[in-house]
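Okay, my_file_6.pdb is below, PDB, C-alpha atoms:
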```
ATOM      1  CA  TYR W 169       0.000   0.000   0.000
ATOM      2  CA  PHE W 170       1.256   3.410  -0.926
ATOM      3  CA  PRO W 171       0.227   6.526   0.958
ATOM      4  CA  PRO W 172      -2.134   8.769  -1.023
ATOM      5  CA  PRO W 173      -0.347  11.636  -2.757
ATOM      6  CA  SER W 174      -0.342  14.984  -1.041
ATOM      7  CA  ASP W 175      -2.186  17.901  -2.607
ATOM      8  CA  ASN W 176       1.152  19.310  -3.756
ATOM      9  CA  GLN W 177       2.188  16.006  -5.357
ATOM     10  CA  PHE W 178      -1.202  15.666  -7.054
ATOM     11  CA  GLU W 179      -1.071  19.227  -8.371
ATOM     12  CA  HIS W 180       2.515  18.718  -9.569
ATOM     13  CA  TYR W 181       1.485  15.522 -11.395
ATOM     14  CA  LEU W 182      -1.450  17.236 -13.136
ATOM     15  CA  MET W 183       0.667  20.242 -14.076
ATOM     16  CA  SER W 184       3.233  17.842 -15.554
ATOM     17  CA  HIS W 185       0.513  15.988 -17.479
ATOM     18  CA  PRO W 186      -2.004  18.666 -18.621
ATOM     19  CA  SER W 187      -3.460  16.299 -21.217
ATOM     20  CA  ILE W 188      -5.129  14.427 -18.347
ATOM     21  CA  VAL W 189      -7.059  17.548 -17.360
ATOM     22  CA  MET W 190      -8.103  18.112 -20.982
ATOM     23  CA  ALA W 191      -9.231  14.494 -21.294
ATOM     24  CA  MET W 192     -11.209  14.760 -18.045
ATOM     25  CA  ALA W 193     -12.917  17.968 -19.199
ATOM     26  CA  GLU W 194     -13.749  16.434 -22.580
ATOM     27  CA  LYS W 195     -15.170  13.300 -20.940
ATOM     28  CA  ALA W 196     -17.291  15.422 -18.572
ATOM     29  CA  GLN W 197     -18.585  17.468 -21.532
ATOM     30  CA  VAL W 198     -19.516  14.333 -23.496
ATOM     31  CA  GLU W 199     -21.279  12.832 -20.464
ATOM     32  CA  GLU W 200     -23.171  16.077 -19.834
ATOM     33  CA  ALA W 201     -24.294  16.266 -23.487
ATOM     34  CA  LEU W 202     -25.367  12.626 -23.433
ATOM     35  CA  ASN W 203     -27.306  13.133 -20.202
ATOM     36  CA  SER W 204     -28.987  16.247 -21.643
ATOM     37  CA  GLN W 205     -29.898  14.358 -24.823
ATOM     38  CA  GLN W 206     -31.344  11.480 -22.787
ATOM     39  CA  GLN W 207     -33.422  13.922 -20.732
ATOM     40  CA  LEU W 208     -34.735  15.583 -23.900
ATOM     41  CA  GLN W 209     -35.610  12.215 -25.426
ATOM     42  CA  ALA W 210     -37.383  11.128 -22.240
ATOM     43  CA  ALA W 211     -39.393  14.373 -22.258
ATOM     44  CA  ILE W 212     -40.308  13.955 -25.942
ATOM     45  CA  ASP W 213     -41.393  10.372 -25.293
ATOM     46  CA  LYS W 214     -43.449  11.499 -22.305
ATOM     47  CA  MET W 215     -45.139  14.334 -24.220
ATOM     48  CA  GLY W 216     -45.858  12.013 -27.150
ATOM     49  CA  LEU W 217     -45.129  12.802 -30.779
ATOM     50  CA  LYS W 218     -48.751  13.879 -31.334
ATOM     51  CA  SER W 219     -48.076  16.940 -29.149
ATOM     52  CA  TYR W 220     -45.742  18.302 -31.818
ATOM     53  CA  PHE W 221     -48.236  17.620 -34.618
ATOM     54  CA  ASN W 222     -51.008  19.595 -32.942
ATOM     55  CA  PRO W 223     -52.274  22.143 -35.530
ATOM     56  CA  LYS W 224     -52.490  24.728 -32.727
ATOM     57  CA  ILE W 225     -48.726  24.320 -32.300
ATOM     58  CA  ALA W 226     -47.392  23.429 -35.741
ATOM     59  CA  PHE W 227     -48.128  23.821 -39.393
ATOM     60  CA  VAL W 228     -48.651  20.172 -40.276
ATOM     61  CA  THR W 229     -48.352  18.779 -43.769
ATOM     62  CA  GLY W 230     -47.727  15.450 -45.457
ATOM     63  CA  PRO W 231     -49.611  12.147 -45.330
ATOM     64  CA  GLU W 232     -51.377  11.462 -42.016
ATOM     65  CA  ASN W 233     -50.350   7.801 -42.105
ATOM     66  CA  ALA W 234     -46.684   8.488 -42.990
ATOM     67  CA  LYS W 235     -44.179   6.247 -41.218
ATOM     68  CA  LYS W 236     -41.529   8.996 -41.237
ATOM     69  CA  THR W 237     -41.934  12.223 -39.263
ATOM     70  CA  PHE W 238     -40.060  15.517 -39.221
ATOM     71  CA  VAL W 239     -40.472  18.246 -36.588
ATOM     72  CA  GLU W 240     -38.558  21.523 -36.616
ATOM     73  CA  TYR W 241     -38.600  24.339 -34.068
ATOM     74  CA  PHE W 242     -37.160  27.467 -35.665
ATOM     75  CA  ASP W 243     -36.786  31.228 -35.533
ATOM     76  CA  TYR W 244     -36.691  33.167 -38.800
ATOM     77  CA  ASN W 245     -33.805  35.298 -37.481
ATOM     78  CA  CYS W 246     -31.755  32.342 -36.242
ATOM     79  CA  ALA W 247     -28.461  32.023 -38.159
ATOM     80  CA  HIS W 248     -28.289  28.260 -37.566
ATOM     81  CA  CYS W 249     -31.861  27.841 -38.828
ATOM     82  CA  ARG W 250     -30.883  29.720 -41.961
ATOM     83  CA  ASN W 251     -27.756  27.602 -42.364
ATOM     84  CA  SER W 252     -29.773  24.380 -42.129
ATOM     85  CA  PHE W 253     -32.560  25.684 -44.381
ATOM     86  CA  PRO W 254     -31.142  24.402 -47.723
ATOM     87  CA  LEU W 255     -30.969  20.861 -46.302
ATOM     88  CA  VAL W 256     -34.449  21.143 -44.765
ATOM     89  CA  LYS W 257     -35.884  22.322 -48.094
ATOM     90  CA  LYS W 258     -34.070  19.581 -49.993
ATOM     91  CA  PHE W 259     -35.416  16.968 -47.562
ATOM     92  CA  TYR W 260     -38.940  18.427 -47.765
ATOM     93  CA  ASP W 261     -38.926  18.461 -51.558
ATOM     94  CA  ALA W 262     -37.735  14.842 -51.659
ATOM     95  CA  HIS W 263     -40.083  13.524 -48.936
ATOM     96  CA  LYS W 264     -43.221  15.672 -48.856
ATOM     97  CA  ASN W 265     -45.251  12.715 -50.130
ATOM     98  CA  ASP W 266     -43.969  10.112 -47.652
ATOM     99  CA  THR W 267     -43.202  12.107 -44.472
ATOM    100  CA  ARG W 268     -45.390  13.968 -41.971
ATOM    101  CA  PHE W 269     -43.915  17.423 -41.322
ATOM    102  CA  ALA W 270     -44.481  19.798 -38.398
ATOM    103  CA  PHE W 271     -43.055  23.309 -38.732
ATOM    104  CA  ILE W 272     -43.104  25.150 -35.397
ATOM    105  CA  GLU W 273     -42.402  28.875 -35.069
ATOM    106  CA  MET W 274     -40.525  29.577 -31.838
ATOM    107  CA  PRO W 275     -39.326  33.196 -31.847
ATOM    108  CA  ILE W 276     -36.469  33.717 -29.391
ATOM    109  CA  PHE W 277     -34.513  36.590 -30.970
ATOM    110  CA  GLY W 278     -36.653  39.593 -30.144
ATOM    111  CA  LYS W 279     -39.328  41.765 -31.724
ATOM    112  CA  ASP W 280     -38.556  41.109 -35.406
ATOM    113  CA  SER W 281     -38.568  37.352 -34.769
ATOM    114  CA  ASN W 282     -41.860  37.608 -32.936
ATOM    115  CA  ASN W 283     -43.393  39.631 -35.783
ATOM    116  CA  ALA W 284     -42.111  37.128 -38.358
ATOM    117  CA  ALA W 285     -43.590  34.247 -36.359
ATOM    118  CA  ARG W 286     -46.953  36.041 -36.153
ATOM    119  CA  ALA W 287     -46.891  36.588 -39.917
ATOM    120  CA  ALA W 288     -46.186  32.881 -40.458
ATOM    121  CA  LEU W 289     -49.018  31.906 -38.104
ATOM    122  CA  ALA W 290     -51.322  34.262 -40.006
ATOM    123  CA  ALA W 291     -50.134  32.707 -43.281
ATOM    124  CA  ARG W 292     -51.379  29.323 -42.038
ATOM    125  CA  ARG W 293     -54.872  30.701 -42.728
ATOM    126  CA  GLN W 294     -53.925  30.542 -46.396
ATOM    127  CA  PRO W 295     -52.648  26.966 -46.008
ATOM    128  CA  ASP W 296     -51.793  26.313 -49.625
ATOM    129  CA  LYS W 297     -49.304  29.208 -49.449
ATOM    130  CA  TYR W 298     -47.724  28.556 -46.026
ATOM    131  CA  VAL W 299     -44.804  26.337 -47.075
ATOM    132  CA  ALA W 300     -43.845  28.708 -49.900
ATOM    133  CA  PHE W 301     -44.004  31.645 -47.448
ATOM    134  CA  HIS W 302     -41.965  29.770 -44.839
ATOM    135  CA  PHE W 303     -39.261  28.885 -47.355
ATOM    136  CA  ALA W 304     -39.266  32.411 -48.808
ATOM    137  CA  MET W 305     -38.741  33.870 -45.315
ATOM    138  CA  MET W 306     -35.921  31.426 -44.599
ATOM    139  CA  ALA W 307     -34.303  32.314 -47.934
ATOM    140  CA  GLU W 308     -34.379  36.087 -47.340
ATOM    141  CA  ALA W 309     -30.993  37.780 -47.045
ATOM    142  CA  GLY W 310     -30.457  39.607 -43.775
ATOM    143  CA  SER W 311     -32.822  39.926 -40.855
ATOM    144  CA  ILE W 312     -36.538  39.378 -41.287
ATOM    145  CA  ASP W 313     -38.146  42.756 -40.791
ATOM    146  CA  ALA W 314     -41.455  44.117 -42.139
ATOM    147  CA  ASN W 315     -40.014  44.676 -45.631
ATOM    148  CA  ALA W 316     -38.610  41.141 -45.803
ATOM    149  CA  MET W 317     -41.963  39.719 -44.691
ATOM    150  CA  VAL W 318     -43.843  41.584 -47.423
ATOM    151  CA  ASP W 319     -41.252  40.469 -49.976
ATOM    152  CA  ALA W 320     -41.611  36.835 -48.885
ATOM    153  CA  ALA W 321     -45.419  37.079 -48.866
ATOM    154  CA  GLN W 322     -45.404  38.397 -52.428
ATOM    155  CA  LYS W 323     -43.042  35.624 -53.555
ATOM    156  CA  ALA W 324     -45.355  33.042 -51.964
ATOM    157  CA  GLY W 325     -48.458  34.502 -53.603
ATOM    158  CA  LEU W 326     -50.201  35.326 -50.326
ATOM    159  CA  ASP W 327     -53.139  37.701 -50.185
ATOM    160  CA  ILE W 328     -51.284  40.581 -48.472
ATOM    161  CA  GLY W 329     -54.465  42.367 -47.367
ATOM    162  CA  ARG W 330     -55.773  39.259 -45.663
ATOM    163  CA  LEU W 331     -52.363  38.537 -44.107
ATOM    164  CA  THR W 332     -52.213  42.091 -42.732
ATOM    165  CA  GLU W 333     -55.605  41.644 -41.058
ATOM    166  CA  ASP W 334     -54.952  38.095 -39.808
ATOM    167  CA  VAL W 335     -51.642  39.057 -38.196
ATOM    168  CA  LYS W 336     -53.550  41.359 -35.779
ATOM    169  CA  ASP W 337     -55.587  38.487 -34.317
ATOM    170  CA  PRO W 338     -54.875  38.157 -30.543
ATOM    171  CA  ALA W 339     -55.271  34.368 -30.912
ATOM    172  CA  LEU W 340     -51.786  34.314 -32.466
ATOM    173  CA  THR W 341     -50.313  35.437 -29.142
ATOM    174  CA  LYS W 342     -51.875  32.401 -27.444
ATOM    175  CA  GLN W 343     -50.491  30.120 -30.161
ATOM    176  CA  LEU W 344     -46.968  31.412 -29.538
ATOM    177  CA  THR W 345     -47.442  31.040 -25.783
ATOM    178  CA  ASP W 346     -48.515  27.418 -26.306
ATOM    179  CA  VAL W 347     -45.422  26.786 -28.459
ATOM    180  CA  HIS W 348     -43.103  28.126 -25.757
ATOM    181  CA  THR W 349     -44.945  26.157 -23.072
ATOM    182  CA  LEU W 350     -44.503  22.876 -24.953
ATOM    183  CA  ALA W 351     -40.850  23.732 -25.612
ATOM    184  CA  ARG W 352     -40.246  24.377 -21.903
ATOM    185  CA  ARG W 353     -41.957  21.128 -20.914
ATOM    186  CA  THR W 354     -39.763  19.289 -23.374
ATOM    187  CA  GLY W 355     -36.570  21.130 -22.436
ATOM    188  CA  ILE W 356     -36.108  22.791 -25.826
ATOM    189  CA  ASN W 357     -34.381  26.132 -25.345
ATOM    190  CA  GLY W 358     -32.816  26.877 -28.701
ATOM    191  CA  THR W 359     -33.308  26.765 -32.440
ATOM    192  CA  PRO W 360     -33.150  24.941 -34.707
ATOM    193  CA  PHE W 361     -34.363  21.866 -32.882
ATOM    194  CA  PHE W 362     -35.287  18.763 -34.862
ATOM    195  CA  ILE W 363     -37.227  15.640 -33.916
ATOM    196  CA  LEU W 364     -36.803  13.060 -36.664
ATOM    197  CA  ASN W 365     -38.943   9.933 -36.477
ATOM    198  CA  GLY W 366     -39.514  10.641 -32.781
ATOM    199  CA  LYS W 367     -35.780  11.008 -31.981
TER     200      LYS W 367
END
```
Show me this structure written as structure tokens.
Amino acid sequence: YFPPPSDNQFEHYLMSHPSIVMAMAEKAQVEEALNSQQQLQAAIDKMGLKSYFNPKIAFVTGPENAKKTFVEYFDYNCAHCRNSFPLVKKFYDAHKNDTRFAFIEMPIFGKDSNNAARAALAARRQPDKYVAFHFAMMAEAGSIDANAMVDAAQKAGLDIGRLTEDVKDPALTKQLTDVHTLARRTGINGTPFFILNGK
């Protein structure tokens, strides 16, 4: 049996072998990420996938009996959402006939994001134009402000007059509150967040 090292000996050993500290930190980070992912998955399982396909929460499209599912939480002013948009669009175009999609507006980047989300919720009332509007907003250069929203609405062929009236509906505020409530219950605190086939 050897006596345990003194604090000074232990510190000297770690200072002489800094790679150990780096490896320990990396291992702790991986374990924390894995634990967080497991907690998110447990919450998603508990909430049930149907929660994310609720038309009061998401714009839902694609076959009802599809075996594949795709859920995305996003903010129109989120750089990472914009970066992932080309892949999302490519996937949608390839799988819109065999996958059930749920697009969920979750504005987290301030007033312009909130206004963009309200416009998208209002656009759901012209359902045949929603996806085109959503993709046009994601494809806009720069931040999504009022001008960008009008530009996207025109590109999507939306009735601008109707959109302008629908965006004033107080019910949209409740919809956004419900989105944030479900996100909190799940543990979702950032965008983009994807749930693919329940995972």
Once the PyMOL selection byres ((chain W and resi 297) around 12) is applied to the coordinates I shared, what remains selected? I want it as an MDAnalysis selection string. chainID W and resid 227 229 288:296 298:304 320:328 331
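A straight line drawn from atom CA of Asp213 of chain W to atom CA of Thr345 of chain W is 21.5 Å long.
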Which residues fall under the PyMOL selection byres ((chain W and resi 366) around 10) in this file, as a PyMOL selection string? chain W and resi 209+212-213+216-218+220+236-239+362-365+367
Distance atom CA of Tyr244 of chain W-atom CA of Lys257 of chain W, one decimal place?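 Atom-to-atom, atom CA of Tyr244 of chain W and atom CA of Lys257 of chain W are spaced 14.3 Å apart.
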Residue nearest Thr267 of chain W - candidates W:Glu333, W:Glu232, W:Asp319, W:Glu308, atoms counted: all atoms listed in the file: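 Between W:Glu333, W:Glu232, W:Asp319, W:Glu308, the residue approaching Thr267 of chain W most closely is W:Glu232.
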Skipping near chain neighbours, those fewer than 4 positions away, what residues fall within 12 Å of Glu273 of chain W using all atoms listed in the file, listed as a ChimeraX atom specification? /W:220,223-228,239-246,249,277,281-292,302,305-306,340-341,343-348,350-351,358-361
Any chance you could work out the axis-aligned box around segment 275-284 of chain W, listed atoms only, 4 Å on each side, giving centre and edge lengths in Å to one decimal, as AutoDock Vina command-line options?
```
--center_x -39.0 --center_y 37.5 --center_z -33.9 --size_x 16.9 --size_y 16.6 --size_z 17.0
```
Counting only C-alpha atoms, the residue of W:Ala211, W:Ile188, W:Ala193, W:Ile312 that sits nearest Thr354 of chain W: W:Ala211
Between W:Ala234, W:Val318, W:His248, W:Glu194, which is the closest to Lys264 of chain W once you count all atoms listed in the file? W:Ala234
Residues proximal to (-35.6, 20.2, -22.9) were defined as those with any atom within 8 Å of that point in the file's coordinates, counting all atoms listed in the file. Which are they, as a PDB file with C-alpha atoms, in the coordinates of the input?
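Once written, part-v9.pdb looks like this:
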```pdb
ATOM      1  CA  SER W 204     -28.987  16.247 -21.643  1.00  0.00           C
ATOM      2  CA  GLN W 207     -33.422  13.922 -20.732  1.00  0.00           C
ATOM      3  CA  LEU W 208     -34.735  15.583 -23.900  1.00  0.00           C
ATOM      4  CA  ALA W 211     -39.393  14.373 -22.258  1.00  0.00           C
ATOM      5  CA  ALA W 351     -40.850  23.732 -25.612  1.00  0.00           C
ATOM      6  CA  ARG W 352     -40.246  24.377 -21.903  1.00  0.00           C
ATOM      7  CA  ARG W 353     -41.957  21.128 -20.914  1.00  0.00           C
ATOM      8  CA  THR W 354     -39.763  19.289 -23.374  1.00  0.00           C
ATOM      9  CA  GLY W 355     -36.570  21.130 -22.436  1.00  0.00           C
ATOM     10  CA  ILE W 356     -36.108  22.791 -25.826  1.00  0.00           C
ATOM     11  CA  ASN W 357     -34.381  26.132 -25.345  1.00  0.00           C
TER      12      ASN W 357
END
```
Separation of atom CA of Ser252 of chain W from atom CA of Thr332 of chain W in Å: 28.6 Å
